[in-house]
Each structure stands twice: as C-alpha cells, then as structure tokens.
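J.: Sharing coords-v8.txt here; it has compact mmCIF, C-alpha atoms.
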```txt
# COMPACT_ATOMS: atom_id res chain seq x y z
CA MET A 1 1.57 -6.16 -9.36
CA LYS A 2 -0.41 -6.07 -12.54
CA ALA A 3 -3.92 -7.47 -12.69
CA LYS A 4 -4.02 -11.05 -13.81
CA LYS A 5 -6.86 -13.08 -15.11
CA GLY A 6 -7.26 -15.93 -12.65
CA ASN A 7 -9.19 -18.00 -15.15
CA ASP A 8 -11.84 -17.47 -17.75
CA LYS A 9 -14.25 -16.14 -15.21
CA GLY A 10 -12.33 -14.64 -12.33
CA LEU A 11 -10.08 -11.65 -11.97
CA PHE A 12 -7.28 -11.07 -9.51
CA MET A 13 -6.57 -7.53 -8.45
CA ASN A 14 -3.75 -5.91 -6.59
CA PRO A 15 -4.10 -2.53 -4.91
CA ILE A 16 -2.48 0.48 -6.54
CA GLY A 17 -2.17 2.20 -3.15
CA TYR A 18 -4.07 2.82 0.05
CA VAL A 19 -6.14 5.40 1.91
CA ARG A 20 -4.50 7.37 4.71
CA THR A 21 -6.64 9.29 7.15
CA GLU A 22 -6.46 10.17 10.80
CA ALA A 23 -10.24 10.14 11.11
CA ARG A 24 -11.54 7.30 13.23
CA GLU A 25 -15.19 8.26 13.00
CA LEU A 26 -16.32 8.13 9.42
CA PRO A 27 -19.62 9.03 7.84
CA LYS A 28 -21.52 6.16 6.27
CA HIS A 29 -21.29 7.68 2.85
CA CYS A 30 -18.94 9.86 0.85
CA SER A 31 -21.78 12.12 -0.26
CA ILE A 32 -22.05 13.51 3.26
CA SER A 33 -18.38 13.34 4.20
CA GLN A 34 -16.20 16.37 4.83
CA VAL A 35 -13.34 14.20 6.05
CA GLU A 36 -9.96 14.83 4.51
CA GLY A 37 -7.33 12.24 3.81
CA ASP A 38 -4.73 11.05 1.36
CA LEU A 39 -4.76 8.57 -1.48
CA VAL A 40 -1.22 7.21 -1.38
CA LEU A 41 -0.26 5.50 -4.60
CA GLU A 42 2.62 3.15 -5.14
CA ASP A 43 5.59 4.92 -6.62
CA ARG A 44 5.47 2.96 -9.87
CA TYR A 45 2.03 4.41 -10.63
CA ARG A 46 3.12 8.02 -10.34
CA ASP A 47 2.91 8.70 -14.08
CA GLY A 48 -0.67 7.45 -14.04
CA MET A 49 -1.70 10.47 -11.98
CA GLU A 50 -0.76 13.00 -14.64
CA GLY A 51 -3.58 15.43 -15.26
CA ILE A 52 -5.25 15.09 -11.85
CA LYS A 53 -5.40 18.51 -10.21
CA PRO A 54 -7.02 20.40 -7.32
CA GLY A 55 -10.69 21.05 -7.99
CA ASP A 56 -11.20 17.75 -9.79
CA ARG A 57 -13.68 15.22 -8.57
CA ILE A 58 -12.51 11.66 -8.85
CA VAL A 59 -14.00 8.23 -8.42
CA VAL A 60 -12.11 5.91 -6.11
CA LEU A 61 -12.68 2.17 -6.34
CA PHE A 62 -11.44 0.38 -3.27
CA ALA A 63 -11.63 -2.95 -1.48
CA PHE A 64 -13.88 -3.44 1.53
CA HIS A 65 -10.95 -5.33 2.95
CA GLU A 66 -12.41 -5.81 6.40
CA SER A 67 -15.74 -7.25 5.30
CA PRO A 68 -16.42 -10.89 6.17
CA PRO A 69 -16.83 -13.28 3.23
CA PHE A 70 -20.13 -12.94 1.42
CA SER A 71 -22.84 -15.50 2.04
CA PRO A 72 -26.43 -15.83 0.74
CA GLU A 73 -27.89 -14.40 3.95
CA TYR A 74 -26.50 -11.03 2.83
CA LEU A 75 -28.39 -11.01 -0.47
CA LYS A 76 -31.01 -8.89 1.27
CA GLN A 77 -30.00 -6.40 3.94
CA HIS A 78 -31.53 -3.65 5.99
CA PRO A 79 -30.41 -0.31 4.50
CA ARG A 80 -27.49 1.02 6.55
CA GLY A 81 -28.11 -1.72 9.08
CA ASP A 82 -31.30 -0.01 10.27
CA LEU A 83 -33.59 -2.84 11.38
CA ARG A 84 -36.63 -0.59 11.08
CA ARG A 85 -36.10 -0.33 7.35
CA LYS A 86 -37.29 -3.01 4.99
CA LYS A 87 -34.64 -5.32 3.61
CA GLN A 88 -33.50 -4.66 0.06
CA GLY A 89 -31.29 -6.43 -2.43
CA VAL A 90 -27.56 -5.93 -2.01
CA PHE A 91 -27.29 -4.55 -5.56
CA HIS A 92 -29.76 -1.85 -4.59
CA LEU A 93 -27.61 -0.88 -1.59
CA CYS A 94 -24.15 0.51 -0.90
CA SER A 95 -23.43 -2.03 1.84
CA PRO A 96 -19.82 -3.20 2.26
CA LEU A 97 -21.12 -6.77 2.38
CA ARG A 98 -21.19 -7.62 -1.32
CA PRO A 99 -20.41 -10.65 -3.53
CA ASN A 100 -17.40 -8.73 -4.84
CA PRO A 101 -16.42 -6.33 -2.06
CA ILE A 102 -15.63 -3.32 -4.21
CA GLY A 103 -16.41 0.08 -2.73
CA LEU A 104 -16.88 3.31 -4.64
CA SER A 105 -16.52 6.87 -3.44
CA VAL A 106 -16.50 10.20 -5.19
CA VAL A 107 -14.09 12.64 -3.60
CA ASP A 108 -12.79 16.16 -4.22
CA VAL A 109 -9.12 16.67 -5.00
CA LEU A 110 -7.49 19.26 -2.75
CA GLY A 111 -3.90 18.78 -3.83
CA VAL A 112 -1.45 16.51 -5.60
CA SER A 113 2.12 15.95 -4.48
CA GLU A 114 4.47 13.19 -5.55
CA THR A 115 2.37 10.04 -5.30
CA VAL A 116 -0.17 11.47 -2.86
CA ILE A 117 -3.58 12.88 -3.74
CA ARG A 118 -5.09 14.95 -0.94
CA VAL A 119 -8.88 14.63 -1.01
CA LYS A 120 -12.05 15.62 0.82
CA GLY A 121 -15.00 13.28 1.13
CA ILE A 122 -13.34 10.23 2.69
CA ASP A 123 -15.63 7.47 3.93
CA MET A 124 -13.04 4.72 3.83
CA ARG A 125 -11.06 3.52 6.80
CA ASP A 126 -7.40 4.23 7.22
CA GLY A 127 -5.42 1.59 5.33
CA THR A 128 -8.14 0.75 2.82
CA PRO A 129 -6.62 -0.71 -0.39
CA ILE A 130 -7.29 1.37 -3.51
CA LEU A 131 -8.02 -0.55 -6.71
CA ASP A 132 -8.55 2.22 -9.24
CA ILE A 133 -9.05 5.95 -9.71
CA LYS A 134 -11.18 7.36 -12.51
CA PRO A 135 -12.30 10.83 -13.56
CA GLU A 136 -15.76 11.69 -12.28
CA ARG A 137 -16.84 13.11 -15.62
CA MET A 138 -17.71 9.52 -16.47
CA PHE A 139 -21.00 10.00 -14.69
CA GLU A 140 -22.27 12.91 -16.64
CA LYS A 141 -25.08 11.66 -18.78
CA GLN A 142 -25.35 13.47 -22.05
CA GLY A 143 -27.85 11.33 -23.89
CA MET B 1 -18.15 -18.21 -6.17
CA LYS B 2 -17.77 -15.70 -3.39
CA ALA B 3 -15.02 -13.14 -3.41
CA LYS B 4 -11.90 -14.36 -1.68
CA LYS B 5 -8.95 -12.46 -0.36
CA GLY B 6 -6.00 -13.80 -2.29
CA ASN B 7 -3.58 -12.54 0.30
CA ASP B 8 -3.12 -9.48 2.46
CA LYS B 9 -2.93 -7.26 -0.56
CA GLY B 10 -4.81 -8.85 -3.41
CA LEU B 11 -8.41 -9.63 -4.06
CA PHE B 12 -9.94 -12.29 -6.24
CA MET B 13 -13.28 -11.59 -7.86
CA ASN B 14 -15.78 -13.73 -9.68
CA PRO B 15 -18.41 -12.25 -11.97
CA ILE B 16 -22.00 -12.07 -10.75
CA GLY B 17 -23.27 -12.23 -14.33
CA TYR B 18 -22.58 -10.89 -17.78
CA VAL B 19 -23.70 -8.28 -20.32
CA ARG B 20 -25.85 -9.39 -23.23
CA THR B 21 -26.28 -7.12 -26.20
CA GLU B 22 -26.72 -7.55 -29.93
CA ALA B 23 -24.92 -4.30 -30.65
CA ARG B 24 -21.56 -4.80 -32.31
CA GLU B 25 -20.76 -1.12 -32.69
CA LEU B 26 -20.55 0.49 -29.29
CA PRO B 27 -20.02 4.09 -28.33
CA LYS B 28 -16.81 4.84 -26.48
CA HIS B 29 -18.62 5.93 -23.38
CA CYS B 30 -21.85 5.15 -21.58
CA SER B 31 -22.68 8.83 -21.25
CA ILE B 32 -23.38 9.03 -24.97
CA SER B 33 -24.81 5.55 -25.44
CA GLN B 34 -28.40 4.81 -26.37
CA VAL B 35 -27.66 1.13 -26.83
CA GLU B 36 -29.94 -1.30 -25.06
CA GLY B 37 -28.94 -4.61 -23.57
CA ASP B 38 -29.37 -6.97 -20.66
CA LEU B 39 -27.50 -7.50 -17.44
CA VAL B 40 -27.92 -11.22 -16.88
CA LEU B 41 -27.21 -12.20 -13.31
CA GLU B 42 -26.53 -15.67 -12.02
CA ASP B 43 -29.61 -17.24 -10.56
CA ARG B 44 -28.19 -17.39 -7.04
CA TYR B 45 -27.98 -13.59 -6.96
CA ARG B 46 -31.63 -13.03 -7.81
CA ASP B 47 -32.56 -11.86 -4.30
CA GLY B 48 -29.82 -9.25 -4.50
CA MET B 49 -31.77 -7.41 -7.22
CA GLU B 50 -34.74 -6.65 -4.97
CA GLY B 51 -35.67 -3.00 -5.16
CA ILE B 52 -34.21 -2.30 -8.59
CA LYS B 53 -36.97 -0.99 -10.86
CA PRO B 54 -37.56 0.71 -14.21
CA GLY B 55 -36.54 4.36 -14.11
CA ASP B 56 -33.60 3.71 -11.78
CA ARG B 57 -30.11 4.58 -12.82
CA ILE B 58 -27.55 2.06 -11.73
CA VAL B 59 -23.79 1.79 -11.67
CA VAL B 60 -22.34 -1.31 -13.28
CA LEU B 61 -18.80 -2.38 -12.43
CA PHE B 62 -17.43 -4.83 -14.94
CA ALA B 63 -14.21 -6.44 -16.09
CA PHE B 64 -12.39 -5.22 -19.18
CA HIS B 65 -11.90 -8.89 -19.88
CA GLU B 66 -10.42 -8.46 -23.34
CA SER B 67 -7.76 -5.94 -22.37
CA PRO B 68 -4.15 -7.05 -22.62
CA PRO B 69 -2.19 -7.19 -19.36
CA PHE B 70 -1.18 -3.80 -18.04
CA SER B 71 2.38 -2.65 -18.47
CA PRO B 72 4.17 0.61 -17.55
CA GLU B 73 3.94 1.92 -21.12
CA TYR B 74 0.23 2.38 -20.50
CA LEU B 75 0.68 4.68 -17.49
CA LYS B 76 0.20 7.60 -19.88
CA GLN B 77 -2.13 7.27 -22.83
CA HIS B 78 -3.62 9.43 -25.54
CA PRO B 79 -7.24 10.18 -24.57
CA ARG B 80 -9.51 7.81 -26.50
CA GLY B 81 -6.52 6.69 -28.54
CA ASP B 82 -6.42 10.02 -30.38
CA LEU B 83 -2.74 10.61 -31.17
CA ARG B 84 -3.37 14.34 -31.62
CA ARG B 85 -4.29 14.67 -27.99
CA LYS B 86 -1.65 14.99 -25.29
CA LYS B 87 -1.01 11.89 -23.23
CA GLN B 88 -2.53 11.83 -19.77
CA GLY B 89 -2.27 9.57 -16.76
CA VAL B 90 -4.36 6.42 -16.85
CA PHE B 91 -6.10 7.45 -13.61
CA HIS B 92 -7.25 10.62 -15.34
CA LEU B 93 -8.74 8.58 -18.19
CA CYS B 94 -11.47 6.00 -18.74
CA SER B 95 -9.25 3.76 -20.86
CA PRO B 96 -9.82 -0.01 -20.64
CA LEU B 97 -6.05 -0.43 -20.24
CA ARG B 98 -5.71 -0.06 -16.46
CA PRO B 99 -3.65 -1.63 -13.67
CA ASN B 100 -6.86 -3.22 -12.39
CA PRO B 101 -9.11 -3.56 -15.46
CA ILE B 102 -12.38 -2.54 -13.82
CA GLY B 103 -14.84 -0.65 -15.97
CA LEU B 104 -17.70 1.50 -14.78
CA SER B 105 -20.86 2.50 -16.57
CA VAL B 106 -24.00 4.27 -15.48
CA VAL B 107 -27.08 2.90 -17.22
CA ASP B 108 -30.85 3.39 -17.12
CA VAL B 109 -33.07 0.52 -16.02
CA LEU B 110 -35.83 -0.22 -18.53
CA GLY B 111 -37.18 -3.39 -16.97
CA VAL B 112 -36.50 -6.20 -14.53
CA SER B 113 -37.51 -9.81 -15.11
CA GLU B 114 -36.27 -12.88 -13.28
CA THR B 115 -32.50 -12.43 -13.18
CA VAL B 116 -32.32 -10.03 -16.12
CA ILE B 117 -32.11 -6.24 -15.91
CA ARG B 118 -32.90 -4.53 -19.21
CA VAL B 119 -30.90 -1.32 -19.52
CA LYS B 120 -30.11 1.55 -21.85
CA GLY B 121 -26.65 3.10 -22.05
CA ILE B 122 -24.56 0.03 -22.80
CA ASP B 123 -20.94 0.63 -23.75
CA MET B 124 -19.70 -2.84 -22.85
CA ARG B 125 -19.23 -5.64 -25.32
CA ASP B 126 -21.48 -8.66 -25.43
CA GLY B 127 -20.28 -11.19 -22.86
CA THR B 128 -18.58 -8.69 -20.57
CA PRO B 129 -18.35 -10.07 -17.00
CA ILE B 130 -20.23 -8.01 -14.42
CA LEU B 131 -18.57 -7.59 -11.03
CA ASP B 132 -21.06 -5.46 -9.13
CA ILE B 133 -24.18 -3.32 -9.42
CA LYS B 134 -24.77 -0.30 -7.20
CA PRO B 135 -27.43 2.37 -6.95
CA GLU B 136 -26.47 5.55 -8.75
CA ARG B 137 -27.58 7.77 -5.87
CA MET B 138 -24.10 7.16 -4.48
CA PHE B 139 -22.82 9.92 -6.70
CA GLU B 140 -25.02 12.66 -5.45
CA LYS B 141 -22.88 15.01 -3.44
CA GLN B 142 -24.74 16.63 -0.63
CA GLY B 143 -21.95 18.33 1.27
```
So that I can check it, write out the structure of this file as structure tokens.

T.:
Amino acid sequence: MKAKKGNDKGLFMNPIGYVRTEARELPKHCSISQVEGDLVLEDRYRDGMEGIKPGDRIVVLFAFHESPPFSPEYLKQHPRGDLRRKKQGVFHLCSPLRPNPIGLSVVDVLGVSETVIRVKGIDMRDGTPILDIKPERMFEKQG
Amino acid sequence: MKAKKGNDKGLFMNPIGYVRTEARELPKHCSISQVEGDLVLEDRYRDGMEGIKPGDRIVVLFAFHESPPFSPEYLKQHPRGDLRRKKQGVFHLCSPLRPNPIGLSVVDVLGVSETVIRVKGIDMRDGTPILDIKPERMFEKQG
C-alpha cells in the first residue's frame, strides 16, 4: 500500500510492482546489460507513469529481496566477490549485501503499454520488487 | 538496526545516518546545488565508508521524511509545483511526494573524517535520514 513511517527513524516500503524477465543469466551490472525485460506496475499506479516514453532513460530503485540479512562482516567486501581484489566499504560498492538492501539500475525505455514498461539494461532477477522509478535526468550535473 | 523484511512484499528500512547542513534555503535539485553539508553516518557503519575519498561523486538515497503520506491524488503532479506546467506522472518526476518516499541525490565528496563525509550538492534538509550511499560510477552506461 502506501509507504508508512514505522517510527521516527524507520521507514516501511511496499513495492509498486515487480521485474519480469525470462533471462536467467544476468550481468553483474546494468551498465553492461543488454537484457530486456518488463517493469510491471500495480494497476493503481498507472497514472504515475504518464510522461514516460520510449527513448527515455529511467532509474529503477528495487529491493535486493533475496539478500540475506546484513551483518557487520559485510561492512567490507571484495568487489564483485573477487577474492583477489582488496576489500572495500559497502558504501563504495554496488553489492546487494547492504544495510538497507536497495538496488539501483538505470535502464532504457523501449515501450510503454498499460502498466508495463519494456526496458533494456536489466540486471535484476525475475520477480524483483520495484520500489520507485525516477527520471534519469536527475543525474545530470549542471553546477 | 539492520534492514528487515516486513513480509513477502514489504521492506523495513532504518537510516544509516543523517544529513547535516546549516543551509535553510535549498535548491530544488542537487544538479544545481552548490550547498555544502555533511553526511553523518552511525559509528557502526564506519568500516562501510572505506574507499570513499575527496573527488568522488556519490549517490545518496534518503527518506523524504517530512512528506505527507502518499495518496492517489499525487499520482499526477505539476512539475516542481508550477501550476502552469502540465501534470505528469509521479514516476516521471523527482517530487518528494511518492508512493515510497525515497529521494536520490548525486553529490561531490569534499572530505572524509571519522564517520562524516563532507559533500557539495546538498538538496536535502538538515536532519534528513540517509538510507544508503553508492558509488556514482553505477550510472555510467557502457553498452
């Protein structure tokens, strides 16, 4: 449903939809992904899609819903799980093992139909809960 | 504490820290902000900062903690509250009024000390809860 404030400090979030893809082998990162798939929104959010069109790039915030609970041992991790690489802080990495397991991908819109956004650049697993969609123009630094 | 799965569909998140800034007038968007401030992390997350250094650009996910609860009337909004502009879908906008009130800003790291990251590009209010920090290189499309 709608987002609720759990208490002064916490925040409870419900997905607005989910990722649908037939791909079972996914690249480790959206920046190198050519995988296509669908962002399937709940019907009640349909009006929220207005303005999104093919050619747009959008930011998808999603839940790493299959990650184990975070624990202090994950504060430093080997980049991409490569043991040969020196451990770095989790906030300097894109690892799915994070204190708040929010993932972020930038994808290209191929088409929009009803409550489905067809995109290219998927690096999320089939069934991944979507938390938010934002325009990618947010990242253009002007100053 | 750590992020917990509320149920199959929802996700509960606790802040990892908060934004500290003396600025009371903030630009509407990080892309045009020159405002400086601090990202103050909780002490237990200190190791997670390893690798972050001056000159980096980082993505900050935060809670729009002062937004009212979302309701369907907000599915379409005037961009930046400008009534002269045609309403658009919330997922095509950066509005703080969102089904899941997660904000996103890209900021420049000026310095790192203890659990504090000094940054430029603040568009969040003083006291804003921080949910996650990610490297900005995530947004570089290569394919």

J.: When distances are computed from only C-alpha atoms, which of B:Glu22, B:Asp56, B:Asp43, B:Glu66 shows the smallest separation from Thr128 of chain B?

T.: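 Residue with the minimum atom-to-atom distance to Thr128 of chain B: B:Glu66.
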
J.: Looking at B:Tyr18, B:Arg46, B:Gln34, B:Asp132, which one is nearest to Gln88 of chain A, with distances taken over all atoms listed in the file?

T.: B:Arg46

J.: Put chain A on top of chain B with a least-squares fit on all C-alpha atoms, paired in order, and send it back as an mmCIF file with C-alpha atoms, in the coordinates of the input.

T.:
```
data_model
loop_
_atom_site.group_PDB
_atom_site.id
_atom_site.type_symbol
_atom_site.label_atom_id
_atom_site.label_comp_id
_atom_site.auth_asym_id
_atom_site.auth_seq_id
_atom_site.Cartn_x
_atom_site.Cartn_y
_atom_site.Cartn_z
ATOM 1 C CA MET A 1 -18.305 -17.991 -6.295
ATOM 2 C CA LYS A 2 -17.843 -15.615 -3.435
ATOM 3 C CA ALA A 3 -15.020 -13.098 -3.429
ATOM 4 C CA LYS A 4 -11.945 -14.353 -1.682
ATOM 5 C CA LYS A 5 -9.005 -12.487 -0.360
ATOM 6 C CA GLY A 6 -6.027 -13.826 -2.277
ATOM 7 C CA ASN A 7 -3.605 -12.557 0.327
ATOM 8 C CA ASP A 8 -3.158 -9.507 2.463
ATOM 9 C CA LYS A 9 -2.938 -7.277 -0.538
ATOM 10 C CA GLY A 10 -4.809 -8.856 -3.408
ATOM 11 C CA LEU A 11 -8.434 -9.611 -4.059
ATOM 12 C CA PHE A 12 -9.944 -12.286 -6.247
ATOM 13 C CA MET A 13 -13.270 -11.575 -7.859
ATOM 14 C CA ASN A 14 -15.775 -13.706 -9.653
ATOM 15 C CA PRO A 15 -18.403 -12.245 -11.961
ATOM 16 C CA ILE A 16 -21.985 -12.066 -10.745
ATOM 17 C CA GLY A 17 -23.256 -12.224 -14.337
ATOM 18 C CA TYR A 18 -22.567 -10.875 -17.793
ATOM 19 C CA VAL A 19 -23.683 -8.277 -20.324
ATOM 20 C CA ARG A 20 -25.849 -9.390 -23.236
ATOM 21 C CA THR A 21 -26.284 -7.124 -26.218
ATOM 22 C CA GLU A 22 -26.725 -7.580 -29.923
ATOM 23 C CA ALA A 23 -24.934 -4.317 -30.652
ATOM 24 C CA ARG A 24 -21.592 -4.796 -32.342
ATOM 25 C CA GLU A 25 -20.795 -1.118 -32.713
ATOM 26 C CA LEU A 26 -20.574 0.487 -29.324
ATOM 27 C CA PRO A 27 -20.039 4.081 -28.327
ATOM 28 C CA LYS A 28 -16.818 4.805 -26.478
ATOM 29 C CA HIS A 29 -18.655 5.896 -23.397
ATOM 30 C CA CYS A 30 -21.882 5.140 -21.582
ATOM 31 C CA SER A 31 -22.703 8.830 -21.244
ATOM 32 C CA ILE A 32 -23.402 9.017 -24.968
ATOM 33 C CA SER A 33 -24.823 5.532 -25.434
ATOM 34 C CA GLN A 34 -28.420 4.805 -26.364
ATOM 35 C CA VAL A 35 -27.675 1.116 -26.824
ATOM 36 C CA GLU A 36 -29.953 -1.305 -25.052
ATOM 37 C CA GLY A 37 -28.953 -4.617 -23.586
ATOM 38 C CA ASP A 38 -29.373 -6.970 -20.677
ATOM 39 C CA LEU A 39 -27.497 -7.490 -17.448
ATOM 40 C CA VAL A 40 -27.906 -11.220 -16.888
ATOM 41 C CA LEU A 41 -27.206 -12.209 -13.318
ATOM 42 C CA GLU A 42 -26.513 -15.667 -12.025
ATOM 43 C CA ASP A 43 -29.601 -17.244 -10.570
ATOM 44 C CA ARG A 44 -28.190 -17.384 -7.048
ATOM 45 C CA TYR A 45 -27.982 -13.580 -6.969
ATOM 46 C CA ARG A 46 -31.631 -13.031 -7.798
ATOM 47 C CA ASP A 47 -32.563 -11.856 -4.299
ATOM 48 C CA GLY A 48 -29.818 -9.248 -4.515
ATOM 49 C CA MET A 49 -31.774 -7.414 -7.204
ATOM 50 C CA GLU A 50 -34.740 -6.652 -4.972
ATOM 51 C CA GLY A 51 -35.664 -2.997 -5.141
ATOM 52 C CA ILE A 52 -34.210 -2.306 -8.596
ATOM 53 C CA LYS A 53 -36.969 -0.996 -10.850
ATOM 54 C CA PRO A 54 -37.564 0.714 -14.207
ATOM 55 C CA GLY A 55 -36.535 4.357 -14.093
ATOM 56 C CA ASP A 56 -33.598 3.711 -11.781
ATOM 57 C CA ARG A 57 -30.093 4.575 -12.785
ATOM 58 C CA ILE A 58 -27.521 2.053 -11.716
ATOM 59 C CA VAL A 59 -23.765 1.801 -11.668
ATOM 60 C CA VAL A 60 -22.319 -1.301 -13.275
ATOM 61 C CA LEU A 61 -18.787 -2.376 -12.420
ATOM 62 C CA PHE A 62 -17.424 -4.816 -14.941
ATOM 63 C CA ALA A 63 -14.196 -6.424 -16.091
ATOM 64 C CA PHE A 64 -12.390 -5.211 -19.194
ATOM 65 C CA HIS A 65 -11.901 -8.878 -19.893
ATOM 66 C CA GLU A 66 -10.415 -8.440 -23.338
ATOM 67 C CA SER A 67 -7.748 -5.923 -22.377
ATOM 68 C CA PRO A 68 -4.127 -7.062 -22.627
ATOM 69 C CA PRO A 69 -2.169 -7.190 -19.360
ATOM 70 C CA PHE A 70 -1.166 -3.796 -18.034
ATOM 71 C CA SER A 71 2.402 -2.631 -18.473
ATOM 72 C CA PRO A 72 4.186 0.634 -17.553
ATOM 73 C CA GLU A 73 3.961 1.944 -21.119
ATOM 74 C CA TYR A 74 0.225 2.387 -20.494
ATOM 75 C CA LEU A 75 0.694 4.676 -17.493
ATOM 76 C CA LYS A 76 0.222 7.582 -19.885
ATOM 77 C CA GLN A 77 -2.130 7.274 -22.838
ATOM 78 C CA HIS A 78 -3.620 9.433 -25.525
ATOM 79 C CA PRO A 79 -7.249 10.170 -24.564
ATOM 80 C CA ARG A 80 -9.523 7.790 -26.478
ATOM 81 C CA GLY A 81 -6.533 6.680 -28.508
ATOM 82 C CA ASP A 82 -6.446 10.013 -30.352
ATOM 83 C CA LEU A 83 -2.775 10.599 -31.171
ATOM 84 C CA ARG A 84 -3.403 14.311 -31.644
ATOM 85 C CA ARG A 85 -4.302 14.649 -27.992
ATOM 86 C CA LYS A 86 -1.664 14.976 -25.326
ATOM 87 C CA LYS A 87 -0.998 11.895 -23.247
ATOM 88 C CA GLN A 88 -2.507 11.835 -19.775
ATOM 89 C CA GLY A 89 -2.243 9.582 -16.763
ATOM 90 C CA VAL A 90 -4.342 6.431 -16.840
ATOM 91 C CA PHE A 91 -6.088 7.451 -13.601
ATOM 92 C CA HIS A 92 -7.228 10.619 -15.332
ATOM 93 C CA LEU A 93 -8.724 8.586 -18.195
ATOM 94 C CA CYS A 94 -11.453 6.009 -18.731
ATOM 95 C CA SER A 95 -9.229 3.764 -20.850
ATOM 96 C CA PRO A 96 -9.801 -0.005 -20.630
ATOM 97 C CA LEU A 97 -6.044 -0.428 -20.232
ATOM 98 C CA ARG A 98 -5.686 -0.047 -16.471
ATOM 99 C CA PRO A 99 -3.624 -1.637 -13.662
ATOM 100 C CA ASN A 100 -6.844 -3.216 -12.396
ATOM 101 C CA PRO A 101 -9.090 -3.557 -15.444
ATOM 102 C CA ILE A 102 -12.352 -2.549 -13.815
ATOM 103 C CA GLY A 103 -14.824 -0.663 -15.981
ATOM 104 C CA LEU A 104 -17.676 1.506 -14.771
ATOM 105 C CA SER A 105 -20.843 2.508 -16.563
ATOM 106 C CA VAL A 106 -23.989 4.259 -15.472
ATOM 107 C CA VAL A 107 -27.061 2.895 -17.202
ATOM 108 C CA ASP A 108 -30.831 3.389 -17.103
ATOM 109 C CA VAL A 109 -33.049 0.519 -16.017
ATOM 110 C CA LEU A 110 -35.821 -0.215 -18.508
ATOM 111 C CA GLY A 111 -37.163 -3.388 -16.955
ATOM 112 C CA VAL A 112 -36.485 -6.203 -14.525
ATOM 113 C CA SER A 113 -37.496 -9.802 -15.106
ATOM 114 C CA GLU A 114 -36.259 -12.872 -13.280
ATOM 115 C CA THR A 115 -32.492 -12.431 -13.178
ATOM 116 C CA VAL A 116 -32.312 -10.025 -16.116
ATOM 117 C CA ILE A 117 -32.097 -6.243 -15.909
ATOM 118 C CA ARG A 118 -32.911 -4.535 -19.199
ATOM 119 C CA VAL A 119 -30.903 -1.319 -19.504
ATOM 120 C CA LYS A 120 -30.116 1.566 -21.837
ATOM 121 C CA GLY A 121 -26.668 3.096 -22.041
ATOM 122 C CA ILE A 122 -24.559 0.020 -22.807
ATOM 123 C CA ASP A 123 -20.936 0.613 -23.765
ATOM 124 C CA MET A 124 -19.707 -2.844 -22.860
ATOM 125 C CA ARG A 125 -19.214 -5.662 -25.309
ATOM 126 C CA ASP A 126 -21.467 -8.660 -25.433
ATOM 127 C CA GLY A 127 -20.261 -11.199 -22.871
ATOM 128 C CA THR A 128 -18.563 -8.698 -20.576
ATOM 129 C CA PRO A 129 -18.338 -10.074 -16.998
ATOM 130 C CA ILE A 130 -20.223 -8.002 -14.417
ATOM 131 C CA LEU A 131 -18.562 -7.595 -11.020
ATOM 132 C CA ASP A 132 -21.052 -5.458 -9.127
ATOM 133 C CA ILE A 133 -24.167 -3.313 -9.419
ATOM 134 C CA LYS A 134 -24.756 -0.303 -7.192
ATOM 135 C CA PRO A 135 -27.424 2.383 -6.941
ATOM 136 C CA GLU A 136 -26.453 5.569 -8.746
ATOM 137 C CA ARG A 137 -27.594 7.758 -5.874
ATOM 138 C CA MET A 138 -24.127 7.127 -4.476
ATOM 139 C CA PHE A 139 -22.842 9.906 -6.678
ATOM 140 C CA GLU A 140 -25.050 12.649 -5.462
ATOM 141 C CA LYS A 141 -22.907 14.983 -3.462
ATOM 142 C CA GLN A 142 -24.754 16.614 -0.638
ATOM 143 C CA GLY A 143 -21.934 18.233 1.270
#
```

J.: Atom CA of Leu93 of chain A and atom CA of Ile58 of chain B, how far apart in Å?

T.: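 It comes out at 10.6 Å.
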
J.: In Å, with one decimal, what is the gap from atom CA of His78 of chain A to atom CA of Asn14 of chain B?

T.: 24.4 Å

J.: Using all atoms listed in the file for the distances, tell me which of B:Lys134, B:Lys120, B:Lys86, B:Arg20 is nearest to chain A.

T.: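 Of B:Lys134, B:Lys120, B:Lys86, B:Arg20, the one nearest chain A, counting all atoms listed in the file, is B:Lys134.
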
J.: Calculated over all atoms listed in the file, which of the candidates A:Gly10, A:Gly121, A:Gly103, A:Gly81 has the smallest distance to Val59 of chain B?

T.: A:Gly103

J.: To one decimal place in Å, what is the distance between atom CA of Gly127 of chain A and atom CA of Thr21 of chain A?

T.: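 It comes out at 8.0 Å.
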
J.: Looking at B:Glu25, B:Asp126, B:Glu136, B:Asp82, which one is nearest to chain A, with distances taken over only C-alpha atoms?

T.: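 Going through B:Glu25, B:Asp126, B:Glu136, B:Asp82 one by one, the smallest distance to chain A is for B:Glu136.
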
J.: May I ask which of the residues A:Pro129, A:Pro79, A:Pro54, A:Pro69 is the closest one to Asp108 of chain A, counting only C-alpha atoms?

T.: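 Of all the options, A:Pro54 lies closest to Asp108 of chain A.
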
J.: Within 9 Å of Val60 of chain B, counting all atoms listed in the file, which residues show up once you throw out same-chain ones fewer than 3 positions away? Write them as a VMD selection string, please.

T.: chain B and resid 103 to 107 130 to 135
